[in-house]
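**Q** Before anything else, here's the structure in question.
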Amino acid sequence: MLEFKNQIVHGAIFDMDGTMFDTERLRFQTLQQASRELIGVEFSENYLMQCLGLSARSAEQLAKERYGQDVPYAEIRQRADVLELEHVRNYGVPIKKGLLQVLERLRKAGLKMAVATSSRRAIAEEYLINANVYKFFDVLVCGDEIKQGKPHPEIFISAAEKINLSPAQCLMFEDSENGLRSAYDAGGMTVLFKDIKTPNESMLAQAQYYYETMEDFLIDLNQFVPVLEMPELETAFPQTLNQLTIGIHGFGAIGGGYLAQVLSHWDGYTRPRKIIASTRNPLYQSAVNAFGTYCIRYGQNSFDQRIENMSVIDAHDLEQMQNMYIESSLVAVCVPEEALVSEAEVIAQGLYARYLAYEQQEQPLTLLIILNKIGAKQLVMQQILSRLKQITDGQTAQHIMDQHYFCDTVVNRMVSKLSDQKLYRQLRIKYNMFKQYQLDEDLSVVDLDDSTALNADQEHQAGLYIEDLRRNFQPSHILQSMDLILFNAETDMPIYVENNSPLLAKMRQMILVDDIANIQLIKNRLWNGVHAMMAWYASLRGHQTIGVAMSDHSVRKFMQQALAQV
């Protein structure tokens, strides 16, 4: 059950073409090609516009009125179906932006859900399965299963009956005049989206709610669905992928071992379809890309958390970095302060490339500044603006800065990144498992000391391991169960983020604050300060790690005294 704008909703019924999928334009193209092939005359735009939302039977009657009683409409439609399916199988179903997030929210709100489409079942099922949204719907009612097609209300009434609801209890989503009239006459709560045809006054009068896009409806819907609570450590990431690409500028301990986990939880309803991370470490880049996944280890809980949908790019490659900034909706900038000057130039190049790519259609980017420094955002923005002014004129540079959301943050989790040597050892062991025999001869000549850097032999051998694993990887292979551990982390703790971007409103593992300066002050005085003093005192007493030192009574007493003073 969902309370939406003071109305109690129990079900949601979606039209398919033009509402969920951007297929109306594709349908126009295939019908025009099919009619040109079979009768030598191309169906007109005017005729096709009139057919929007009509059943096949009604569209055929209209075609005979326009093109003569002998027009082979069934053959034209079948040929158009073949052309359309061929396109969809090659390129996928064009999903309306925001659809997956909307479907996931409505389903998790407990609504029963149905599709009411004029398309034949064979076509509808293929599209829904291809788009991976069939799982959201309880029933499917198609144009070849009803007596009277849209604009008659039968299809929506039938869909409501099949989910055991009255039409008045259901939101009904449409994009066409005929479809909207069908939903309106059925007695549903009508939701109209703009598609090819701009709504006329009659349509707007029948629409209880009107939105330009699915994303506009999502913004509205977000006000009525609950914000999910902070996840427990072992809470699974959402299964449904949304249509967002997210960037992590800096695949270090915080970027790969913390931000990737936060961003994978996203809002708890869906998670990004792709995370792009940049690194200057070729071993980490090739290893993650070969396995397609990696793990964060939480030793205190004996738990490994797998990060998926990750692509690691070369931070030295400016074109790849620019593409990350062009494609992403959010980029977490995780760079150390000493690297800020050089990385600010890369960020400026990325923002300028995005500006050129989108031209007049501005697409705001959310940038999370991960620097753990009071006044970090202003420092970063000054550096980026300075570099932008070296690329373009001052007015354009300022315009680029003004159109994006810069958000300061406070991170409070300890994360460590495995050294190249430790990663090399993992690769060696996994390679042995993969080959199922011991490489005793190779192992005897490779020095596995505790230093960080690899020698030339190790670098070469690691490259061979990764390339062979990548080349031979197949679904259901043993590699799928071989976790690649890259980071060790403390247990889940939230990230504090400045409340400065609408994209962050529902983020599950972020605490949004209006005044980040207070949190930064507490972090630097309390967490960083006491932690540093503890580390210093623990090292004086001969302890290698703080975790071990905490069992020392004198260290524990020292920590409690320091905390009390702070």
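If you're wondering about the labels, chains in the structure tokens are A, B, ... by order shown, residues count from 1 in each chain, ligands from 1 in order shown.
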If you run DSSP over the backbone, which residues in region 64-261 of chain A end up strand (DSSP E or B)? Put them as a count of residues only.

**A** 30

**Q** Can you tell me which residues surround Cys142 (chain A) at a distance of at most 8 Å, considering only C-alpha atoms, apart from same-chain residues fewer than 6 positions away, and format the answer as a list of chain:residue names?

**A**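 Surrounding residues, per the criterion: A:Val115, A:Ala116, A:Thr117, A:Ser118, A:Ser119, A:Arg120, A:Arg121, A:Ala124, A:Ile155.
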
**Q** Pick out each residue of region 57-234 of chain A that DSSP on the backbone tags as helix (DSSP H, G or I); I need them as a ChimeraX atom specification.

**A** /A:57-67,73-91,99-108,121-130,134-136,143-145,154-162,167-169,177-186,201-206,214-221

**Q** Using only C-alpha atoms, which protein or nucleic acid residues come within 6 Å of Val9 (chain A)? Drop anything in the same chain fewer than 4 positions from it, and give the result as a list in words.

**A**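 Returned residues: Met1, Leu2, Gln169 and Cys170 of chain A.
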
**Q** Limited to all heavy atoms, could you put the picked residues into a file as a compact mmCIF listing (two decimals), in the first residue's frame?

**A**
```txt
# COMPACT_ATOMS: atom_id res chain seq x y z
N MET A 1 0.84 -1.19 0.00
CA MET A 1 0.00 0.00 0.00
C MET A 1 0.88 1.24 0.00
O MET A 1 1.88 1.30 0.70
CB MET A 1 -0.93 -0.02 1.21
CG MET A 1 -1.97 1.09 1.21
SD MET A 1 -1.41 2.63 1.98
CE MET A 1 -1.32 2.18 3.69
N LEU A 2 0.49 2.23 -0.80
CA LEU A 2 1.24 3.47 -0.91
C LEU A 2 0.27 4.64 -0.78
O LEU A 2 -0.77 4.66 -1.44
CB LEU A 2 1.95 3.53 -2.27
CG LEU A 2 2.64 4.85 -2.64
CD1 LEU A 2 3.86 5.08 -1.77
CD2 LEU A 2 3.03 4.85 -4.11
N GLN A 169 -8.46 1.67 -7.27
CA GLN A 169 -7.35 1.46 -6.33
C GLN A 169 -5.98 1.49 -7.03
O GLN A 169 -4.97 1.30 -6.37
CB GLN A 169 -7.52 0.12 -5.61
CG GLN A 169 -8.73 0.03 -4.69
CD GLN A 169 -8.89 -1.36 -4.12
OE1 GLN A 169 -9.12 -2.33 -4.83
NE2 GLN A 169 -8.75 -1.47 -2.80
N CYS A 170 -6.00 1.71 -8.34
CA CYS A 170 -4.77 1.56 -9.13
C CYS A 170 -4.33 2.86 -9.80
O CYS A 170 -5.15 3.59 -10.37
CB CYS A 170 -4.96 0.51 -10.22
SG CYS A 170 -5.42 -1.13 -9.62
```

**Q** For each of A:Asp144, A:Glu212, A:Asp15, A:Glu490, take the minimum atom-to-atom distance to Ile296 (chain A), counting only C-alpha atoms, then give the residue where this is smallest.

**A**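 When distances to Ile296 (chain A) are compared using only C-alpha atoms, the smallest one comes from A:Glu490.
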
**Q** Env of Ala562 (chain A): 10 Å cut, atoms = only C-alpha atoms, seq-sep filter 4 positions within chain, self excluded. Answer as a list in words.

**A**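 The residues that qualify are Leu526, Gly529, Val530, His531, Met533, Met534, Arg556, Lys557, Phe558 and Val566 of chain A.
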
**Q** Excluding Ser342 (chain A) and any residue of its chain fewer than 5 positions from it, enumerate the residues within 12 Å of it, using only C-alpha atoms, and give them as a list of chain:residue names.

**A**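 Residues near the query, excluding close chain neighbours: A:Ala315, A:His316, A:Val335, A:Pro336, A:Glu337, A:Ile347, A:Ala348, A:Gln349, A:Val380, A:Gln383, A:Ile384, A:Ser386, A:Arg387.
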
**Q** At what distance in Å, to one decimal, does CA of Val555 (chain A) lie from CA of Ala535 (chain A)?

**A** 9.4 Å

**Q** Just the residues within 12 Å of Asp514 (chain A), please, counting only C-alpha atoms, with nothing from its chain fewer than 4 positions along; format it as JSON, numbers by chain.

**A** {"A": [407, 408, 409, 496, 497, 498, 499, 500, 501, 518, 519]}

**Q** Go ahead and save the picked residues with all heavy atoms, as a PDB file, in the first residue's frame.

**A**
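Okay, result36.pdb is ready:
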```
ATOM      1  N   CYS A 407      29.861  18.760  -3.179  1.00  0.00           N
ATOM      2  CA  CYS A 407      29.416  18.398  -1.830  1.00  0.00           C
ATOM      3  C   CYS A 407      30.614  17.972  -0.979  1.00  0.00           C
ATOM      4  O   CYS A 407      31.310  17.005  -1.328  1.00  0.00           O
ATOM      5  CB  CYS A 407      28.401  17.256  -1.885  1.00  0.00           C
ATOM      6  SG  CYS A 407      26.963  17.603  -2.926  1.00  0.00           S
ATOM      7  N   ASP A 408      30.833  18.667   0.098  1.00  0.00           N
ATOM      8  CA  ASP A 408      31.883  18.291   1.045  1.00  0.00           C
ATOM      9  C   ASP A 408      31.451  17.059   1.825  1.00  0.00           C
ATOM     10  O   ASP A 408      30.243  16.794   1.968  1.00  0.00           O
ATOM     11  CB  ASP A 408      32.154  19.447   1.995  1.00  0.00           C
ATOM     12  CG  ASP A 408      33.635  19.729   2.147  1.00  0.00           C
ATOM     13  OD1 ASP A 408      34.414  18.788   1.906  1.00  0.00           O
ATOM     14  OD2 ASP A 408      34.013  20.852   2.488  1.00  0.00           O
ATOM     15  N   THR A 409      32.409  16.304   2.349  1.00  0.00           N
ATOM     16  CA  THR A 409      32.096  15.066   3.059  1.00  0.00           C
ATOM     17  C   THR A 409      32.990  14.906   4.278  1.00  0.00           C
ATOM     18  O   THR A 409      34.018  15.575   4.410  1.00  0.00           O
ATOM     19  CB  THR A 409      32.314  13.832   2.158  1.00  0.00           C
ATOM     20  OG1 THR A 409      33.710  13.723   1.861  1.00  0.00           O
ATOM     21  CG2 THR A 409      31.525  13.934   0.869  1.00  0.00           C
ATOM     22  N   TYR A 496      29.251  11.264   6.123  1.00  0.00           N
ATOM     23  CA  TYR A 496      28.506  12.514   6.253  1.00  0.00           C
ATOM     24  C   TYR A 496      28.732  13.327   4.986  1.00  0.00           C
ATOM     25  O   TYR A 496      29.871  13.494   4.542  1.00  0.00           O
ATOM     26  CB  TYR A 496      28.973  13.302   7.473  1.00  0.00           C
ATOM     27  CG  TYR A 496      28.608  12.653   8.789  1.00  0.00           C
ATOM     28  CD1 TYR A 496      29.440  11.691   9.362  1.00  0.00           C
ATOM     29  CD2 TYR A 496      27.429  12.982   9.448  1.00  0.00           C
ATOM     30  CE1 TYR A 496      29.114  11.072  10.567  1.00  0.00           C
ATOM     31  CE2 TYR A 496      27.089  12.373  10.658  1.00  0.00           C
ATOM     32  CZ  TYR A 496      27.937  11.419  11.205  1.00  0.00           C
ATOM     33  OH  TYR A 496      27.602  10.818  12.389  1.00  0.00           O
ATOM     34  N   VAL A 497      27.637  13.823   4.399  1.00  0.00           N
ATOM     35  CA  VAL A 497      27.720  14.540   3.130  1.00  0.00           C
ATOM     36  C   VAL A 497      26.922  15.841   3.216  1.00  0.00           C
ATOM     37  O   VAL A 497      25.813  15.865   3.767  1.00  0.00           O
ATOM     38  CB  VAL A 497      27.175  13.683   1.964  1.00  0.00           C
ATOM     39  CG1 VAL A 497      27.290  14.434   0.639  1.00  0.00           C
ATOM     40  CG2 VAL A 497      27.921  12.362   1.871  1.00  0.00           C
ATOM     41  N   GLU A 498      27.506  16.880   2.681  1.00  0.00           N
ATOM     42  CA  GLU A 498      26.820  18.163   2.620  1.00  0.00           C
ATOM     43  C   GLU A 498      25.554  18.032   1.775  1.00  0.00           C
ATOM     44  O   GLU A 498      25.585  17.503   0.661  1.00  0.00           O
ATOM     45  CB  GLU A 498      27.759  19.193   2.006  1.00  0.00           C
ATOM     46  CG  GLU A 498      27.246  20.617   2.033  1.00  0.00           C
ATOM     47  CD  GLU A 498      28.260  21.576   1.444  1.00  0.00           C
ATOM     48  OE1 GLU A 498      29.204  21.129   0.765  1.00  0.00           O
ATOM     49  OE2 GLU A 498      28.103  22.788   1.667  1.00  0.00           O
ATOM     50  N   ASN A 499      24.446  18.511   2.303  1.00  0.00           N
ATOM     51  CA  ASN A 499      23.145  18.379   1.640  1.00  0.00           C
ATOM     52  C   ASN A 499      23.034  19.418   0.524  1.00  0.00           C
ATOM     53  O   ASN A 499      22.404  20.452   0.665  1.00  0.00           O
ATOM     54  CB  ASN A 499      22.018  18.555   2.657  1.00  0.00           C
ATOM     55  CG  ASN A 499      20.668  18.199   2.081  1.00  0.00           C
ATOM     56  OD1 ASN A 499      20.571  17.627   1.004  1.00  0.00           O
ATOM     57  ND2 ASN A 499      19.607  18.534   2.798  1.00  0.00           N
ATOM     58  N   ASN A 500      23.656  19.101  -0.617  1.00  0.00           N
ATOM     59  CA  ASN A 500      23.798  20.113  -1.662  1.00  0.00           C
ATOM     60  C   ASN A 500      23.484  19.567  -3.048  1.00  0.00           C
ATOM     61  O   ASN A 500      23.827  20.189  -4.040  1.00  0.00           O
ATOM     62  CB  ASN A 500      25.237  20.675  -1.637  1.00  0.00           C
ATOM     63  CG  ASN A 500      25.367  21.978  -2.383  1.00  0.00           C
ATOM     64  OD1 ASN A 500      24.427  22.764  -2.412  1.00  0.00           O
ATOM     65  ND2 ASN A 500      26.504  22.202  -3.006  1.00  0.00           N
ATOM     66  N   SER A 501      22.836  18.374  -3.117  1.00  0.00           N
ATOM     67  CA  SER A 501      22.490  17.800  -4.415  1.00  0.00           C
ATOM     68  C   SER A 501      21.215  16.979  -4.286  1.00  0.00           C
ATOM     69  O   SER A 501      21.111  16.141  -3.381  1.00  0.00           O
ATOM     70  CB  SER A 501      23.624  16.898  -4.922  1.00  0.00           C
ATOM     71  OG  SER A 501      23.186  16.112  -6.013  1.00  0.00           O
ATOM     72  N   ASN A 518      30.836  21.659  11.149  1.00  0.00           N
ATOM     73  CA  ASN A 518      30.824  21.144  12.519  1.00  0.00           C
ATOM     74  C   ASN A 518      31.271  19.689  12.564  1.00  0.00           C
ATOM     75  O   ASN A 518      32.013  19.275  13.456  1.00  0.00           O
ATOM     76  CB  ASN A 518      29.419  21.267  13.124  1.00  0.00           C
ATOM     77  CG  ASN A 518      29.077  22.703  13.471  1.00  0.00           C
ATOM     78  OD1 ASN A 518      29.965  23.501  13.727  1.00  0.00           O
ATOM     79  ND2 ASN A 518      27.795  23.019  13.465  1.00  0.00           N
ATOM     80  N   ILE A 519      30.824  18.903  11.595  1.00  0.00           N
ATOM     81  CA  ILE A 519      31.211  17.502  11.542  1.00  0.00           C
ATOM     82  C   ILE A 519      32.709  17.387  11.258  1.00  0.00           C
ATOM     83  O   ILE A 519      33.409  16.548  11.830  1.00  0.00           O
ATOM     84  CB  ILE A 519      30.404  16.748  10.463  1.00  0.00           C
ATOM     85  CG1 ILE A 519      28.899  16.950  10.665  1.00  0.00           C
ATOM     86  CG2 ILE A 519      30.741  15.265  10.471  1.00  0.00           C
ATOM     87  CD1 ILE A 519      28.363  16.353  11.930  1.00  0.00           C
TER      88      ILE A 519
END
```

**Q** What separation in Å, quoted to one decimal, exists between CA of His87 (chain A) and CA of Gln29 (chain A)?

**A**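 Computed distance, CA of His87 (chain A) to CA of Gln29 (chain A), equals 11.0 Å.
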
**Q** Quick one: of A:Ser416, A:Gln520, A:Gln390, A:Asn222, who's nearest to Ala505 (chain A), counting only C-alpha atoms?

**A**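 Of A:Ser416, A:Gln520, A:Gln390, A:Asn222, the one nearest Ala505 (chain A), counting only C-alpha atoms, is A:Asn222.
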
**Q** Residues within 10 Å of Gln300 (chain A), please, as a tab-separated table (two decimals) with C-alpha atoms, in the first residue's frame. Count only C-alpha atoms; anything in the same chain fewer than 2 positions from it doesn't count.

**A**
```tsv
chain	number	residue	atom	x	y	z
A	297	ARG	CA	37.29	-7.87	4.00
A	298	TYR	CA	35.83	-6.99	7.43
A	302	SER	CA	34.81	-12.60	9.33
A	303	PHE	CA	32.89	-11.20	6.38
A	488	ASN	CA	40.57	-4.48	4.73
A	489	ALA	CA	38.00	-2.28	6.46
A	490	GLU	CA	36.35	-1.56	9.75
A	491	THR	CA	32.66	-2.35	10.08
A	547	GLY	CA	43.62	-3.47	17.25
```

**Q** Have a look at CA of Tyr405 (chain A) and CA of Leu351 (chain A) and let me know their distance in Å, one decimal.

**A**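 The value is 12.0 Å.
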
**Q** Give me, as CSV, each residue of region 262-299 of chain A that comes within 6 Å of region 238-256 of chain A, together with its shortest interatomic pair and the distance in Å at one decimal, counting only C-alpha atoms, with rows ordered by chain and rising residue number.

**A**
```
residue,atom,partner,partner_atom,distance
A:Gly268,CA,A:Pro238,CA,5.9
A:Tyr269,CA,A:Pro238,CA,5.9
A:Thr270,CA,A:Thr240,CA,5.0
A:Arg271,CA,A:Leu241,CA,5.0
A:Pro272,CA,A:Leu244,CA,5.1
A:Arg273,CA,A:Leu241,CA,4.8
A:Lys274,CA,A:Thr245,CA,4.9
A:Ile275,CA,A:Ile246,CA,4.8
A:Ile276,CA,A:Gly247,CA,4.7
A:Ala277,CA,A:Ile248,CA,4.5
A:Ser278,CA,A:Gly250,CA,5.2
A:Thr279,CA,A:Phe251,CA,5.2
```

**Q** Keeping only N, CA and C atoms, write the selected residues to a file as a tab-separated table (two decimals), in the first residue's frame.

**A**
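So result10.tsv came out as:
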```tsv
chain	number	residue	atom	x	y	z
A	268	GLY	N	19.04	1.74	-1.66
A	268	GLY	CA	18.42	0.54	-1.12
A	268	GLY	C	17.38	-0.07	-2.03
A	269	TYR	N	16.91	0.69	-3.01
A	269	TYR	CA	15.93	0.18	-3.97
A	269	TYR	C	16.64	-0.36	-5.23
A	270	THR	N	17.56	0.43	-5.74
A	270	THR	CA	18.35	0.02	-6.91
A	270	THR	C	19.81	0.43	-6.65
A	271	ARG	N	20.70	-0.07	-7.52
A	271	ARG	CA	22.10	0.34	-7.43
A	271	ARG	C	22.60	0.69	-8.83
A	272	PRO	N	23.70	1.42	-8.92
A	272	PRO	CA	24.18	1.85	-10.23
A	272	PRO	C	24.47	0.68	-11.15
A	273	ARG	N	24.16	0.87	-12.42
A	273	ARG	CA	24.42	-0.19	-13.39
A	273	ARG	C	25.92	-0.34	-13.64
A	274	LYS	N	26.67	0.72	-13.35
A	274	LYS	CA	28.11	0.67	-13.61
A	274	LYS	C	28.84	1.64	-12.71
A	275	ILE	N	29.95	1.18	-12.14
A	275	ILE	CA	30.84	2.05	-11.38
A	275	ILE	C	32.18	2.06	-12.10
A	276	ILE	N	32.65	3.25	-12.44
A	276	ILE	CA	33.95	3.40	-13.10
A	276	ILE	C	34.91	3.99	-12.08
A	277	ALA	N	36.06	3.36	-11.88
A	277	ALA	CA	37.06	3.86	-10.93
A	277	ALA	C	38.39	4.02	-11.65
A	278	SER	N	39.14	5.04	-11.26
A	278	SER	CA	40.43	5.29	-11.90
A	278	SER	C	41.57	4.95	-10.94
A	279	THR	N	42.65	4.43	-11.49
A	279	THR	CA	43.83	4.11	-10.69
A	279	THR	C	45.08	4.27	-11.53
```

**Q** Of the residues A:His460, A:Lys377, A:His553, A:His10, which is the one nearest to Gly188 (chain A), using only C-alpha atoms?

**A** A:His10

**Q** Of the residues A:Ile39, A:Arg306, A:Cys334, A:Ile196, which is the one nearest to Thr23 (chain A), using only C-alpha atoms?

**A** A:Ile196
